[in-house]
>>> print(open('run13.cif').read())   # mmCIF, C-alpha atoms
data_protein
loop_
_atom_site.label_atom_id
_atom_site.label_comp_id
_atom_site.auth_asym_id
_atom_site.auth_seq_id
_atom_site.Cartn_x
_atom_site.Cartn_y
_atom_site.Cartn_z
CA MET X 1 44.23 -25.16 17.68
CA THR X 2 43.35 -23.93 14.23
CA THR X 3 39.98 -23.45 12.76
CA SER X 4 38.84 -23.36 9.21
CA PRO X 5 37.93 -19.93 7.94
CA PRO X 6 34.21 -19.31 7.76
CA VAL X 7 32.67 -20.12 4.44
CA ALA X 8 30.68 -17.26 3.00
CA ALA X 9 27.04 -18.05 2.44
CA PRO X 10 26.16 -18.24 -1.21
CA ALA X 11 24.42 -15.21 -2.57
CA ALA X 12 20.70 -15.61 -2.78
CA ALA X 13 19.33 -16.17 -6.25
CA PRO X 14 17.29 -13.21 -7.49
CA ALA X 15 13.55 -13.53 -7.03
CA THR X 16 12.89 -12.23 -10.53
CA ARG X 17 14.52 -11.96 -13.92
CA LEU X 18 14.23 -9.74 -17.01
CA GLY X 19 14.16 -6.56 -14.97
CA GLY X 20 11.74 -7.92 -12.42
CA LEU X 21 9.08 -8.86 -14.98
CA LEU X 22 9.18 -12.64 -14.49
CA PRO X 23 9.38 -14.54 -11.18
CA THR X 24 12.03 -17.23 -10.88
CA ASP X 25 10.19 -19.03 -8.06
CA PRO X 26 6.97 -20.97 -8.80
CA LEU X 27 5.39 -19.80 -5.53
CA LEU X 28 6.10 -16.15 -6.36
CA LEU X 29 4.45 -16.79 -9.71
CA ARG X 30 1.30 -18.01 -7.93
CA LEU X 31 1.37 -14.98 -5.66
CA SER X 32 1.70 -12.81 -8.77
CA LEU X 33 -1.34 -14.38 -10.40
CA PHE X 34 -3.74 -13.76 -7.53
CA THR X 35 -2.22 -10.30 -6.99
CA LEU X 36 -2.84 -9.47 -10.64
CA LEU X 37 -6.44 -10.69 -10.49
CA ASN X 38 -7.14 -8.82 -7.25
CA ALA X 39 -5.56 -5.60 -8.52
CA PHE X 40 -7.43 -5.80 -11.81
CA GLY X 41 -10.71 -6.02 -9.93
CA ARG X 42 -9.85 -3.08 -7.69
CA GLY X 43 -8.81 -1.09 -10.76
CA LEU X 44 -12.26 -1.71 -12.24
CA PHE X 45 -14.05 -0.42 -9.16
CA PHE X 46 -11.85 2.51 -8.14
CA PRO X 47 -12.72 5.01 -10.91
CA VAL X 48 -16.47 4.32 -10.93
CA SER X 49 -17.29 3.93 -7.23
CA VAL X 50 -18.13 7.53 -6.32
CA LEU X 51 -20.09 8.15 -9.52
CA TYR X 52 -22.05 4.95 -8.95
CA PHE X 53 -23.01 6.09 -5.47
CA THR X 54 -24.01 9.58 -6.63
CA ARG X 55 -25.41 9.11 -10.15
CA VAL X 56 -26.97 5.65 -9.86
CA ILE X 57 -27.96 5.29 -6.20
CA GLY X 58 -28.69 9.02 -5.96
CA LEU X 59 -26.69 9.90 -2.84
CA GLY X 60 -25.22 13.36 -2.29
CA ALA X 61 -21.50 13.81 -2.87
CA THR X 62 -20.96 15.16 0.65
CA SER X 63 -22.89 12.27 2.18
CA VAL X 64 -20.81 9.79 0.22
CA GLY X 65 -17.59 11.47 1.33
CA VAL X 66 -18.64 11.41 4.98
CA GLY X 67 -19.75 7.81 4.71
CA LEU X 68 -16.49 6.67 3.13
CA THR X 69 -14.53 8.50 5.84
CA ILE X 70 -16.52 6.74 8.56
CA ALA X 71 -15.97 3.43 6.79
CA GLY X 72 -12.24 4.16 6.62
CA LEU X 73 -12.11 4.55 10.40
CA PHE X 74 -13.61 1.09 10.80
CA GLY X 75 -11.02 -0.17 8.32
CA LEU X 76 -8.21 1.21 10.49
CA ALA X 77 -9.58 -0.60 13.52
CA ALA X 78 -9.86 -3.93 11.69
CA GLY X 79 -6.20 -4.46 10.81
CA VAL X 80 -4.79 -5.59 14.15
CA PRO X 81 -7.60 -8.05 15.12
CA ALA X 82 -7.40 -9.62 11.67
CA GLY X 83 -3.64 -9.96 12.04
CA ARG X 84 -4.10 -11.66 15.39
CA ALA X 85 -6.66 -14.02 13.83
CA SER X 86 -4.16 -14.98 11.14
CA ASP X 87 -1.49 -15.59 13.79
CA ARG X 88 -3.87 -17.97 15.53
CA TRP X 89 -5.64 -19.73 12.65
CA GLY X 90 -3.27 -19.27 9.72
CA ARG X 91 -2.93 -16.79 6.85
CA ARG X 92 -4.64 -18.78 4.11
CA PRO X 93 -8.02 -19.40 5.76
CA VAL X 94 -8.23 -15.89 7.22
CA LEU X 95 -7.25 -14.15 3.97
CA THR X 96 -9.62 -16.40 2.03
CA ALA X 97 -12.48 -15.48 4.36
CA LEU X 98 -11.68 -11.75 4.18
CA TRP X 99 -11.50 -11.65 0.39
CA THR X 100 -14.66 -13.72 0.08
CA GLY X 101 -16.36 -11.20 2.34
CA CYS X 102 -15.06 -8.35 0.17
CA GLY X 103 -16.64 -9.99 -2.87
CA LEU X 104 -19.98 -10.39 -1.10
CA THR X 105 -20.07 -6.79 0.12
CA LEU X 106 -19.19 -5.49 -3.34
CA ALA X 107 -22.06 -7.51 -4.79
CA ALA X 108 -24.31 -5.97 -2.14
CA TYR X 109 -23.55 -2.50 -3.54
CA THR X 110 -25.58 -3.41 -6.63
CA VAL X 111 -28.82 -3.85 -4.66
CA ILE X 112 -28.66 -1.09 -2.05
CA GLY X 113 -31.11 1.79 -2.30
CA SER X 114 -30.70 3.92 0.82
CA TYR X 115 -28.00 5.82 2.66
CA ALA X 116 -28.23 3.49 5.66
CA ALA X 117 -27.63 0.48 3.42
CA PHE X 118 -24.76 2.27 1.69
CA LEU X 119 -23.12 3.15 5.00
CA ALA X 120 -23.44 -0.39 6.39
CA THR X 121 -22.05 -1.91 3.20
CA ALA X 122 -19.21 0.63 2.98
CA ILE X 123 -18.20 -0.06 6.58
CA ALA X 124 -18.22 -3.81 5.99
CA TYR X 125 -16.20 -3.50 2.79
CA ALA X 126 -13.64 -1.10 4.28
CA ALA X 127 -13.13 -3.27 7.35
CA LEU X 128 -12.71 -6.47 5.34
CA SER X 129 -10.53 -4.88 2.67
CA GLN X 130 -8.24 -3.06 5.10
CA ALA X 131 -7.96 -6.11 7.35
CA SER X 132 -6.94 -8.24 4.37
CA MET X 133 -3.93 -6.06 3.57
CA GLY X 134 -2.07 -6.77 6.80
CA VAL X 135 -2.88 -10.50 6.58
CA ARG X 136 -1.70 -10.54 2.96
CA ASN X 137 1.59 -8.89 3.98
CA ALA X 138 2.02 -11.46 6.76
CA LEU X 139 1.43 -14.21 4.19
CA TYR X 140 4.22 -12.73 2.08
CA ALA X 141 6.48 -12.79 5.15
CA ASP X 142 5.71 -16.49 5.63
CA VAL X 143 6.29 -17.65 2.07
CA LEU X 144 8.97 -15.36 0.62
CA PRO X 145 12.56 -16.21 1.65
CA PRO X 146 14.07 -13.42 3.77
CA ALA X 147 16.95 -12.90 1.33
CA THR X 148 14.58 -12.12 -1.57
CA ARG X 149 11.51 -10.97 0.34
CA VAL X 150 11.83 -7.27 -0.47
CA GLU X 151 12.56 -7.97 -4.13
CA GLY X 152 9.54 -10.25 -4.23
CA ARG X 153 7.38 -7.52 -2.68
CA ALA X 154 8.68 -5.09 -5.29
CA HIS X 155 7.69 -7.49 -8.06
CA LEU X 156 4.22 -7.88 -6.56
CA ARG X 157 3.88 -4.09 -6.36
CA MET X 158 4.74 -3.89 -10.04
CA VAL X 159 2.11 -6.53 -10.76
CA THR X 160 -0.39 -4.53 -8.69
CA ASN X 161 0.30 -1.38 -10.72
CA VAL X 162 -0.18 -3.26 -13.98
CA GLY X 163 -3.40 -4.90 -12.79
CA MET X 164 -4.90 -1.67 -11.50
CA GLY X 165 -3.85 0.19 -14.65
CA VAL X 166 -5.54 -2.32 -16.95
CA GLY X 167 -8.61 -2.46 -14.72
CA GLY X 168 -8.72 1.33 -14.61
CA GLY X 169 -8.75 1.40 -18.42
CA PHE X 170 -11.92 -0.69 -18.44
CA GLY X 171 -13.31 1.53 -15.70
CA ALA X 172 -12.75 4.54 -17.93
CA LEU X 173 -14.86 2.88 -20.61
CA ALA X 174 -17.68 2.46 -18.11
CA LEU X 175 -17.39 6.13 -17.18
CA GLN X 176 -17.80 7.04 -20.84
CA TRP X 177 -20.80 4.72 -21.14
CA ASP X 178 -22.22 6.22 -17.92
CA SER X 179 -25.05 3.76 -17.33
CA ARG X 180 -26.28 1.72 -14.40
CA ALA X 181 -25.64 -1.48 -16.35
CA GLY X 182 -22.03 -0.54 -17.01
CA TYR X 183 -21.28 0.42 -13.41
CA THR X 184 -23.03 -2.66 -12.06
CA THR X 185 -21.14 -4.94 -14.41
CA LEU X 186 -17.79 -3.60 -13.25
CA ILE X 187 -18.73 -3.89 -9.57
CA LEU X 188 -19.79 -7.52 -10.05
CA LEU X 189 -16.59 -8.25 -11.98
CA ASP X 190 -14.61 -6.88 -9.05
CA ALA X 191 -16.62 -9.13 -6.72
CA VAL X 192 -15.78 -12.12 -8.92
CA ALA X 193 -12.09 -11.10 -8.91
CA PHE X 194 -12.09 -11.11 -5.11
CA ALA X 195 -13.73 -14.54 -5.06
CA GLY X 196 -11.20 -15.87 -7.58
CA SER X 197 -8.29 -14.42 -5.59
CA ALA X 198 -9.66 -16.00 -2.42
CA LEU X 199 -9.84 -19.40 -4.11
CA MET X 200 -6.28 -19.08 -5.37
CA VAL X 201 -5.04 -18.22 -1.86
CA LEU X 202 -6.83 -21.24 -0.42
CA ARG X 203 -5.16 -23.47 -3.02
CA LEU X 204 -1.63 -22.35 -2.17
CA PRO X 205 0.69 -25.19 -1.07
CA GLY X 206 0.06 -26.48 2.43
CA THR X 207 3.22 -24.89 3.83
CA ALA X 208 2.26 -21.44 2.57
CA GLY X 209 1.03 -19.28 5.39
CA ARG X 210 0.92 -22.26 7.71
CA ARG X 211 -0.60 -21.96 11.14
CA PRO X 212 1.90 -20.60 13.68
CA ALA X 213 3.07 -22.71 16.56
CA GLU X 214 0.68 -22.98 19.49
CA ASP X 215 3.42 -22.37 22.06
CA THR X 216 3.74 -18.65 21.28
CA PRO X 217 3.95 -16.85 24.63
CA ALA X 218 0.80 -14.94 25.48
CA GLY X 219 2.78 -11.72 25.88
CA SER X 220 4.08 -11.97 22.30
CA ARG X 221 0.67 -12.24 20.67
CA TRP X 222 -0.26 -8.56 21.04
CA ARG X 223 3.26 -7.19 21.43
CA ALA X 224 3.05 -4.91 18.39
CA VAL X 225 0.38 -2.68 19.96
CA ARG X 226 2.64 -1.89 22.94
CA ASP X 227 6.00 -1.98 21.12
CA LEU X 228 6.67 1.75 21.29
CA PRO X 229 9.85 1.76 19.15
CA PHE X 230 8.06 -0.25 16.45
CA LEU X 231 5.15 2.19 16.63
CA ALA X 232 7.64 5.06 16.17
CA VAL X 233 9.01 3.37 13.04
CA THR X 234 5.44 2.86 11.85
CA CYS X 235 4.77 6.59 12.28
CA CYS X 236 7.89 7.54 10.30
CA ASN X 237 6.83 5.22 7.50
CA ALA X 238 3.28 6.62 7.60
CA VAL X 239 4.51 10.20 7.21
CA LEU X 240 6.57 9.22 4.17
CA ALA X 241 3.48 7.43 2.81
CA LEU X 242 1.66 10.78 2.75
CA GLN X 243 3.37 11.30 -0.61
CA TYR X 244 0.82 8.94 -2.20
CA GLY X 245 -1.96 11.34 -1.29
CA LEU X 246 0.22 14.16 -2.57
CA LEU X 247 0.20 12.56 -6.01
CA GLU X 248 -3.42 11.42 -6.05
CA VAL X 249 -5.11 14.43 -4.43
CA GLY X 250 -2.72 17.33 -3.94
CA LEU X 251 -1.20 17.64 -7.40
CA PRO X 252 -4.48 17.53 -9.38
CA LEU X 253 -5.92 20.30 -7.20
CA TRP X 254 -2.69 22.29 -7.30
CA ILE X 255 -2.43 22.03 -11.08
CA VAL X 256 -6.01 23.11 -11.69
CA GLU X 257 -6.26 25.87 -9.08
CA HIS X 258 -2.75 27.34 -8.88
CA THR X 259 -0.86 26.72 -12.14
CA ASP X 260 -1.27 27.39 -15.84
CA ALA X 261 -0.22 23.86 -16.75
CA PRO X 262 -2.71 21.97 -18.95
CA ARG X 263 -5.44 20.22 -16.98
CA TRP X 264 -4.41 16.89 -18.45
CA SER X 265 -1.05 17.28 -16.69
CA ALA X 266 -2.46 15.51 -13.62
CA ALA X 267 -3.28 12.41 -15.68
CA LEU X 268 0.13 12.57 -17.35
CA LEU X 269 1.92 12.66 -13.99
CA MET X 270 -0.13 9.70 -12.72
CA ILE X 271 0.72 7.66 -15.81
CA LEU X 272 4.38 8.66 -15.52
CA ASN X 273 4.37 7.50 -11.90
CA CYS X 274 2.83 4.12 -12.72
CA VAL X 275 5.26 3.47 -15.58
CA LEU X 276 8.39 4.47 -13.65
CA VAL X 277 7.37 2.52 -10.54
CA ALA X 278 6.76 -0.57 -12.68
CA LEU X 279 10.16 -0.17 -14.37
CA LEU X 280 12.27 0.80 -11.37
CA GLN X 281 10.79 -0.67 -8.18
CA VAL X 282 12.39 -4.12 -8.44
CA ARG X 283 15.81 -2.71 -9.36
CA ALA X 284 15.65 -0.19 -6.52
CA THR X 285 14.95 -2.85 -3.90
CA ARG X 286 17.81 -5.21 -4.74
CA GLY X 287 20.22 -3.11 -2.71
CA VAL X 288 17.91 -2.79 0.31
CA THR X 289 18.76 -6.08 1.98
CA ASP X 290 19.04 -5.18 5.66
CA LEU X 291 17.89 -2.64 8.22
CA ALA X 292 20.88 -0.33 7.75
CA ARG X 293 20.25 -0.05 4.02
CA ALA X 294 16.52 0.34 4.66
CA VAL X 295 17.20 3.31 6.95
CA ARG X 296 19.38 4.91 4.28
CA ALA X 297 16.69 4.36 1.66
CA MET X 298 13.99 5.99 3.81
CA ARG X 299 16.30 8.88 4.71
CA ARG X 300 17.04 9.48 1.03
CA SER X 301 13.34 9.31 0.29
CA GLY X 302 12.63 12.11 2.73
CA LEU X 303 15.46 14.21 1.32
CA LEU X 304 14.32 13.69 -2.29
CA LEU X 305 10.83 14.91 -1.41
CA VAL X 306 12.25 18.34 -0.51
CA PRO X 307 13.24 19.29 -4.10
CA ALA X 308 10.09 17.54 -5.34
CA CYS X 309 7.90 19.80 -3.20
CA ALA X 310 9.99 22.80 -4.26
CA ALA X 311 9.42 21.94 -7.93
CA PHE X 312 5.67 21.60 -7.44
CA ALA X 313 5.54 24.94 -5.65
CA ALA X 314 7.64 26.61 -8.36
CA ALA X 315 5.15 25.62 -11.06
CA ALA X 316 2.79 28.38 -9.88
CA GLY X 317 3.27 31.55 -11.91
CA LEU X 318 5.04 29.88 -14.84
CA GLY X 319 3.71 29.59 -18.37
CA PRO X 320 1.96 26.38 -19.44
CA ALA X 321 5.00 24.68 -21.00
CA ALA X 322 7.42 25.70 -18.25
CA ALA X 323 4.95 24.71 -15.53
CA LEU X 324 4.48 21.30 -17.12
CA ALA X 325 8.25 20.78 -17.35
CA VAL X 326 8.78 21.69 -13.70
CA LEU X 327 5.90 19.47 -12.60
CA VAL X 328 7.35 16.53 -14.54
CA ALA X 329 10.75 17.10 -12.91
CA GLY X 330 9.13 17.14 -9.48
CA ALA X 331 7.11 14.01 -10.29
CA VAL X 332 10.27 12.12 -11.32
CA LEU X 333 11.93 13.05 -8.02
CA GLN X 334 8.80 11.91 -6.18
CA VAL X 335 8.92 8.54 -7.99
CA PHE X 336 12.48 7.91 -6.79
CA ALA X 337 11.40 8.92 -3.27
CA GLU X 338 8.42 6.57 -3.51
CA ILE X 339 10.33 3.48 -4.59
CA LEU X 340 13.01 4.07 -1.94
CA SER X 341 10.47 4.55 0.86
CA ALA X 342 8.53 1.48 -0.27
CA ALA X 343 11.65 -0.72 -0.26
CA GLY X 344 12.81 0.65 3.09
CA GLY X 345 9.34 0.34 4.59
CA TRP X 346 8.98 -3.31 3.59
CA THR X 347 12.39 -4.12 5.04
CA VAL X 348 11.85 -2.45 8.42
CA GLY X 349 8.25 -3.66 8.63
CA TYR X 350 9.36 -7.27 8.28
CA GLY X 351 12.79 -6.99 9.88
CA LEU X 352 11.55 -5.48 13.16
CA ALA X 353 8.48 -7.70 13.51
CA ASP X 354 8.31 -10.59 15.95
CA ALA X 355 8.04 -13.64 13.67
CA ARG X 356 5.76 -15.30 16.25
CA ALA X 357 3.19 -12.52 15.84
CA GLN X 358 3.79 -11.46 12.25
CA GLY X 359 0.09 -10.95 11.60
CA VAL X 360 -0.36 -8.41 14.40
CA TYR X 361 2.85 -6.60 13.49
CA GLN X 362 1.84 -6.32 9.84
CA GLY X 363 -1.64 -5.24 10.89
CA VAL X 364 -0.16 -2.41 12.95
CA PHE X 365 2.32 -1.39 10.24
CA ASN X 366 -0.31 -1.44 7.52
CA SER X 367 -2.75 0.53 9.70
CA GLY X 368 -0.16 3.29 9.89
CA GLN X 369 -0.07 3.51 6.11
CA ALA X 370 -3.86 3.41 5.96
CA ALA X 371 -4.06 6.28 8.45
CA ALA X 372 -1.72 8.28 6.22
CA THR X 373 -3.92 7.56 3.22
CA MET X 374 -6.93 8.87 5.11
CA ALA X 375 -5.15 11.95 6.44
CA ALA X 376 -3.37 12.90 3.20
CA PRO X 377 -6.25 14.69 1.38
CA ALA X 378 -7.02 16.96 4.33
CA LEU X 379 -3.37 17.58 5.16
CA VAL X 380 -2.39 18.45 1.59
CA THR X 381 -5.41 20.73 1.28
CA VAL X 382 -4.73 22.74 4.44
CA THR X 383 -1.02 23.08 3.62
CA ALA X 384 -0.11 23.27 -0.07
CA ILE X 385 -3.50 24.03 -1.61
CA GLU X 386 -4.49 26.76 0.87
CA HIS X 387 -1.08 28.30 1.60
CA GLY X 388 0.95 27.75 -1.55
CA PRO X 389 4.77 27.74 -1.19
CA VAL X 390 4.55 28.00 2.60
CA GLY X 391 2.35 24.91 2.68
CA TRP X 392 4.70 23.02 0.36
CA THR X 393 7.52 23.95 2.72
CA VAL X 394 5.60 22.49 5.66
CA LEU X 395 5.13 19.24 3.75
CA ALA X 396 8.81 19.14 2.82
CA VAL X 397 9.79 19.58 6.48
CA LEU X 398 7.45 16.74 7.49
CA PHE X 399 8.93 14.42 4.88
CA VAL X 400 12.58 15.14 5.64
CA GLY X 401 11.90 14.94 9.39
CA ALA X 402 10.33 11.50 9.02
CA GLY X 403 13.20 10.29 6.86
CA LEU X 404 15.82 11.48 9.32
CA ALA X 405 13.92 10.15 12.34
CA THR X 406 13.72 6.63 10.89
CA GLY X 407 17.33 5.84 11.83
CA PRO X 408 17.02 6.57 15.58
CA ALA X 409 13.63 4.85 15.68
CA VAL X 410 14.99 1.69 14.06
CA ARG X 411 18.04 1.64 16.35
CA LEU X 412 15.75 1.89 19.36
CA ALA X 413 13.46 -0.82 18.00
CA ARG X 414 16.40 -3.23 17.72
CA ARG X 415 17.14 -3.02 21.44
CA ASP X 416 16.05 -6.26 23.05
CA ASP X 417 15.32 -4.64 26.39
CA TRP X 418 12.38 -2.81 24.87
CA ARG X 419 10.94 -6.08 23.59
CA GLY X 420 11.09 -8.49 26.47
CA GLU X 421 9.81 -11.99 26.17
#
>>> encode(input="run13.cif", output="structure tokens")
Amino acid sequence: MTTSPPVAAPAAAPATRLGGLLPTDPLLLRLSLFTLLNAFGRGLFFPVSVLYFTRVIGLGATSVGVGLTIAGLFGLAAGVPAGRASDRWGRRPVLTALWTGCGLTLAAYTVIGSYAAFLATAIAYAALSQASMGVRNALYADVLPPATRVEGRAHLRMVTNVGMGVGGGFGALALQWDSRAGYTTLILLDAVAFAGSALMVLRLPGTAGRRPAEDTPAGSRWRAVRDLPFLAVTCCNAVLALQYGLLEVGLPLWIVEHTDAPRWSAALLMILNCVLVALLQVRATRGVTDLARAVRAMRRSGLLLVPACAAFAAAAGLGPAAALAVLVAGAVLQVFAEILSAAGGWTVGYGLADARAQGVYQGVFNSGQAAATMAAPALVTVTAIEHGPVGWTVLAVLFVGAGLATGPAVRLARRDDWRGE
């Protein structure tokens, strides 16, 4: 008996065109619009938040820092329950409720007058905001086709960078104005942006983020919190995500305290990062289409961070121009590491998740990244900032170790016997 040769599946159409700038799918366009609005609002609030708390409300800088750290811990705890809620009741209503709550808590910042009120509001905002990220990622998993999901995520990350950059520009104007009215206006605009984003999510087509089937086995609903191989992959991804704190916290301190590079170098490196990520992220993800390629991307990310850390360390002791040149070279290497780890992280985060409990899995995966964001400032300070080249070496070892460990962790996570029904 003869059989016809298998017909190759047609290649998936790209999710974007013109270098990732324009979506080809109408639904991705709608996701881009509410992502842009949400990111613009967050960009407004980010640069003015601490100064508003200290200069307008009159709180001490240390008290604000402690309060935001406490709020961050509540944010970490909120991700998994919110993911479970979205698995049960659907992504759209849960994400709409979370973003509406974010808008209300931001508006509450404009009327608080005590530390207790600040702490309560900060906890509420952190919990709602952090919880929304995992639910949003699960929504993306529901509505973006698997073949173009990572490319779609890359496009949305580019949109996020643009939105936050534009919002941050307006935030800088408020910083120059330095008045209660200016800060309050930006906070309320961010609240309105959250409300608008929530409305746009609610108005997505009825099949977007639809409610999961009711026959999901009870054991599958919370599987992510006891899926040890998946947790190992989450930890590897979280360690690689420490590089974001390296750029945002470590480099500015390193430049000012340990190098002769111009102080504005930190701003230059941040702008360089945003521009290169926007230009390269979509292109970099088009080749990361399965778990094997994702593992290679994350391994390369860890390896690239070694020379990046070496370049940052080498900037100490050089003249201003040479230090700036070395820092720029290190920052470019870090950008390539960042876009590779992002593409690989999205692929393994979605590819290893149980589709019946996508919300919980994305809540767990996103909580790992959030934990890295919280830990990064302290870790970078006690390594690179306090111990110089030795500290940079420790960070490089952590990064390359996480990149190399991703492969074994992913192979273990793919074993069905670890993930029984």
>>> closest_residue(input="run13.cif", among="X:Ala61, X:Leu106, X:Ala316, X:Leu352", to="Glu257 (chain X)", atoms="all atoms listed in the file")
X:Ala316
>>> residues_around(input="run13.cif", residues="region 375-391 of chain X", least_positions_apart="4", cutoff="12 Å", atoms="all atoms listed in the file", output="JSON, numbers by chain")
{"X": [65, 69, 72, 73, 76, 238, 239, 240, 241, 242, 243, 244, 245, 246, 247, 248, 249, 250, 251, 252, 253, 254, 255, 256, 257, 258, 259, 309, 310, 311, 312, 313, 314, 315, 316, 317, 368, 369, 370, 371, 395, 396, 397, 398]}
>>> residues_around(input="run13.cif", residues="Ile187 (chain X)", least_positions_apart="5", cutoff="10 Å", atoms="only C-alpha atoms", output="list of chain:residue names")
X:Gly41, X:Arg42, X:Leu44, X:Phe45, X:Phe46, X:Val48, X:Ser49, X:Tyr52, X:Gly103, X:Leu106, X:Ala107, X:Ala108, X:Tyr109, X:Thr110, X:Gly171, X:Ala181, X:Gly182, X:Val192, X:Ala193
>>> atom_distance(input="run13.cif", atom1="CA of Val282 (chain X)", atom2="CA of Arg149 (chain X)")
11.2 Å
>>> closest_residue(input="run13.cif", among="X:Thr121, X:Thr285, X:Thr62, X:Thr184", to="Ile339 (chain X)", atoms="only C-alpha atoms")
X:Thr285
>>> resolve_selection(input="run13.cif", expression="the PyMOL selection byres ((chain X and resi 299) around 9)", output="VMD selection string")
chain X and resid 294 to 298 300 to 304 340 to 341 400 to 407
>>> residues_around(input="run13.cif", residues="region 355-357 of chain X", least_positions_apart="2", cutoff="6 Å", atoms="all atoms listed in the file", output="list in words")
Asp87, Arg221, Ala353, Gly359 and Val360 of chain X
